[in-house]
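Engineer: So that you have it, the file is coords_15.txt, and it contains compact mmCIF, C-alpha atoms:
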# COMPACT_ATOMS: atom_id res chain seq x y z
CA THR Y 1 -11.88 19.59 -78.50
CA PRO Y 2 -10.84 17.01 -81.08
CA PRO Y 3 -11.35 13.37 -80.14
CA THR Y 4 -8.33 11.58 -78.76
CA PRO Y 5 -6.80 9.45 -81.51
CA LYS Y 6 -7.27 5.75 -80.96
CA PRO Y 7 -4.07 3.97 -80.05
CA ASN Y 8 -2.53 2.28 -83.07
CA ALA Y 9 -2.06 -1.44 -82.39
CA GLN Y 10 0.78 -1.76 -84.91
CA GLU Y 11 2.68 1.15 -83.38
CA LEU Y 12 2.19 -0.23 -79.88
CA PHE Y 13 3.33 -3.66 -81.08
CA LYS Y 14 6.45 -2.12 -82.64
CA THR Y 15 7.24 -0.28 -79.41
CA GLY Y 16 6.79 -3.52 -77.49
CA MET Y 17 9.09 -5.43 -79.83
CA GLN Y 18 11.79 -2.78 -79.48
CA ALA Y 19 11.60 -3.06 -75.68
CA PHE Y 20 11.57 -6.87 -75.85
CA VAL Y 21 14.64 -7.00 -78.10
CA LYS Y 22 16.46 -4.72 -75.62
CA GLY Y 23 15.60 -7.16 -72.84
CA ASP Y 24 12.98 -4.93 -71.22
CA ALA Y 25 10.19 -7.51 -70.97
CA LYS Y 26 8.24 -5.41 -68.43
CA SER Y 27 7.85 -2.47 -70.83
CA ALA Y 28 7.16 -4.91 -73.65
CA VAL Y 29 4.27 -6.43 -71.68
CA THR Y 30 2.78 -2.95 -71.18
CA SER Y 31 2.98 -2.14 -74.91
CA PHE Y 32 1.67 -5.53 -76.01
CA ARG Y 33 -1.24 -5.25 -73.56
CA LYS Y 34 -2.14 -1.86 -75.04
CA ALA Y 35 -1.85 -3.30 -78.56
CA THR Y 36 -4.21 -6.19 -77.75
CA ALA Y 37 -6.64 -3.73 -76.12
CA ALA Y 38 -6.55 -1.55 -79.26
CA ASN Y 39 -7.07 -4.59 -81.51
CA PRO Y 40 -8.23 -7.75 -79.68
CA SER Y 41 -7.82 -9.88 -82.81
CA TYR Y 42 -4.15 -8.90 -83.33
CA GLY Y 43 -2.57 -12.36 -83.12
CA ALA Y 44 1.06 -11.24 -83.28
CA ALA Y 45 0.58 -9.01 -80.24
CA TRP Y 46 -0.99 -11.86 -78.20
CA ARG Y 47 1.89 -14.15 -79.16
CA ALA Y 48 4.48 -11.51 -78.23
CA LEU Y 49 2.64 -10.81 -74.96
CA GLY Y 50 2.91 -14.51 -74.12
CA LEU Y 51 6.65 -14.53 -74.88
CA ALA Y 52 7.24 -11.42 -72.76
CA HIS Y 53 5.31 -12.89 -69.80
CA GLU Y 54 7.24 -16.13 -70.22
CA LYS Y 55 10.53 -14.22 -70.10
CA LEU Y 56 9.41 -12.63 -66.82
CA GLY Y 57 8.50 -16.05 -65.39
CA GLU Y 58 4.80 -15.15 -65.33
CA TRP Y 59 3.46 -18.53 -66.44
CA GLY Y 60 -0.27 -17.92 -65.89
CA PRO Y 61 -0.47 -14.72 -67.95
CA ALA Y 62 1.85 -16.26 -70.58
CA LYS Y 63 -0.47 -19.24 -70.96
CA THR Y 64 -3.54 -16.98 -71.20
CA ALA Y 65 -1.90 -14.82 -73.89
CA PHE Y 66 -0.78 -17.87 -75.90
CA GLN Y 67 -4.30 -19.37 -75.69
CA LYS Y 68 -5.75 -16.07 -76.90
CA TYR Y 69 -3.22 -16.05 -79.75
CA LEU Y 70 -4.35 -19.53 -80.82
CA SER Y 71 -8.01 -18.52 -80.62
CA VAL Y 72 -7.48 -15.51 -82.93
CA SER Y 73 -4.89 -17.27 -85.17
CA PRO Y 74 -5.86 -20.98 -85.11
CA ASN Y 75 -4.04 -21.71 -88.36
CA ALA Y 76 -0.85 -19.84 -87.53
CA ALA Y 77 2.34 -21.41 -88.89
CA ASP Y 78 3.64 -21.86 -85.34
CA ALA Y 79 0.35 -23.00 -83.75
CA ALA Y 80 1.70 -26.48 -82.94
CA GLN Y 81 4.85 -24.96 -81.42
CA ILE Y 82 2.80 -22.60 -79.27
CA ARG Y 83 0.58 -25.49 -78.09
CA GLU Y 84 3.78 -27.28 -77.00
CA ARG Y 85 4.91 -24.13 -75.14
CA ILE Y 86 1.56 -23.97 -73.33
CA LYS Y 87 1.95 -27.61 -72.24
CA ASN Y 88 5.37 -26.82 -70.80
CA LEU Y 89 4.25 -23.75 -68.81
Transcribe the structure of this file into structure tokens.

Structural biologist:
Amino acid sequence: TPPTPKPNAQELFKTGMQAFVKGDAKSAVTSFRKATAANPSYGAAWRALGLAHEKLGEWGPAKTAFQKYLSVSPNAADAAQIRERIKNL
């Protein structure tokens, strides 16, 4: 049998963003989690995961995802903004 194709982090991220834009933060979290599992250094997915958790009122997981985002993207354009967000969680 052929090997199962590895999940594509970009595709999973896109799916998550579509759900998030529709207001389905729960599905977005699932997709973003899969995207970060497929590519642990995918900063955009960690950031989006944090935003989705935040929208659901899940402060602990939001903070963890934002911290992970900053660790993989320390020089991100919005790093200071995200640090502020973490402080307010």

Engineer: At what distance in Å, to one decimal, does atom CA of Ala38 of chain Y lie from atom CA of Ser73 of chain Y?

Structural biologist: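 According to the coordinates, atom CA of Ser73 of chain Y and atom CA of Ala38 of chain Y are separated by 16.9 Å.
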
Engineer: Would you mind telling me which residue in Y:Ala79, Y:Ala19, Y:Ala9, Y:Val29 lies nearest to Pro61 of chain Y when using all atoms listed in the file?

Structural biologist: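 Looking only at the distances to Pro61 of chain Y, the closest residue turns out to be Y:Val29.
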
Engineer: Using all atoms listed in the file, pick whichever of Y:Ala37, Y:Val72, Y:Ile82, Y:Ala28 has the shortest atom-to-atom distance to Thr15 of chain Y.

Structural biologist: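 Smallest distance to Thr15 of chain Y is found for Y:Ala28.
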
Engineer: Show me, as a ChimeraX atom specification, the residues that have an atom within 12 Å of segment 20-24 of chain Y when counting only C-alpha atoms, minus same-chain residues fewer than 4 positions from it.

Structural biologist: /Y:13-16,28-32,48-56

Engineer: Hey, can you spit out that residue selection with C-alpha atoms as a short mmCIF file (atom, residue, chain, number, x, y, z; two decimals), in the frame of the given file?

Structural biologist:
data_model
loop_
_atom_site.label_atom_id
_atom_site.label_comp_id
_atom_site.auth_asym_id
_atom_site.auth_seq_id
_atom_site.Cartn_x
_atom_site.Cartn_y
_atom_site.Cartn_z
CA PHE Y 13 3.33 -3.66 -81.08
CA LYS Y 14 6.45 -2.12 -82.64
CA THR Y 15 7.24 -0.28 -79.41
CA GLY Y 16 6.79 -3.52 -77.49
CA ALA Y 28 7.16 -4.91 -73.65
CA VAL Y 29 4.27 -6.43 -71.68
CA THR Y 30 2.78 -2.95 -71.18
CA SER Y 31 2.98 -2.14 -74.91
CA PHE Y 32 1.67 -5.53 -76.01
CA ALA Y 48 4.48 -11.51 -78.23
CA LEU Y 49 2.64 -10.81 -74.96
CA GLY Y 50 2.91 -14.51 -74.12
CA LEU Y 51 6.65 -14.53 -74.88
CA ALA Y 52 7.24 -11.42 -72.76
CA HIS Y 53 5.31 -12.89 -69.80
CA GLU Y 54 7.24 -16.13 -70.22
CA LYS Y 55 10.53 -14.22 -70.10
CA LEU Y 56 9.41 -12.63 -66.82
#

Engineer: State, in Å with one decimal place, the distance from atom CA of Leu12 of chain Y to atom CA of Lys87 of chain Y.

Structural biologist: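 So the two atoms, atom CA of Leu12 of chain Y and atom CA of Lys87 of chain Y, lie 28.4 Å apart.
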
Engineer: Could you jot down the atom CA of Glu84 of chain Y to atom CA of Lys34 of chain Y separation for me, Å, one decimal place?

Structural biologist: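 Distance between the two atoms: 26.2 Å.
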
Engineer: Quick one: residues within 10 Å of Ser41 of chain Y, all atoms listed in the file, excluding same-chain residues fewer than 4 positions away - as a list of chain:residue names?

Structural biologist: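 Surrounding residues, per the criterion: Y:Ala35, Y:Thr36, Y:Ala37, Y:Ala45, Y:Trp46, Y:Lys68, Y:Tyr69, Y:Ser71, Y:Val72, Y:Ser73.
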
Engineer: Grab the residues selected above and save them as a short mmCIF file (atom, residue, chain, number, x, y, z; two decimals), keeping the file's coordinate frame with C-alpha atoms.

Structural biologist:
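Once written, result_19.cif looks like this:
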data_model
loop_
_atom_site.label_atom_id
_atom_site.label_comp_id
_atom_site.auth_asym_id
_atom_site.auth_seq_id
_atom_site.Cartn_x
_atom_site.Cartn_y
_atom_site.Cartn_z
CA ALA Y 35 -1.85 -3.30 -78.56
CA THR Y 36 -4.21 -6.19 -77.75
CA ALA Y 37 -6.64 -3.73 -76.12
CA ALA Y 45 0.58 -9.01 -80.24
CA TRP Y 46 -0.99 -11.86 -78.20
CA LYS Y 68 -5.75 -16.07 -76.90
CA TYR Y 69 -3.22 -16.05 -79.75
CA SER Y 71 -8.01 -18.52 -80.62
CA VAL Y 72 -7.48 -15.51 -82.93
CA SER Y 73 -4.89 -17.27 -85.17
#

Engineer: Could you check which of Y:Ala62, Y:Pro7, Y:Gln18, Y:Ala77 is closest to Asn39 of chain Y, using only C-alpha atoms?

Structural biologist: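 The shortest atom-to-atom distance to Asn39 of chain Y comes from Y:Pro7.
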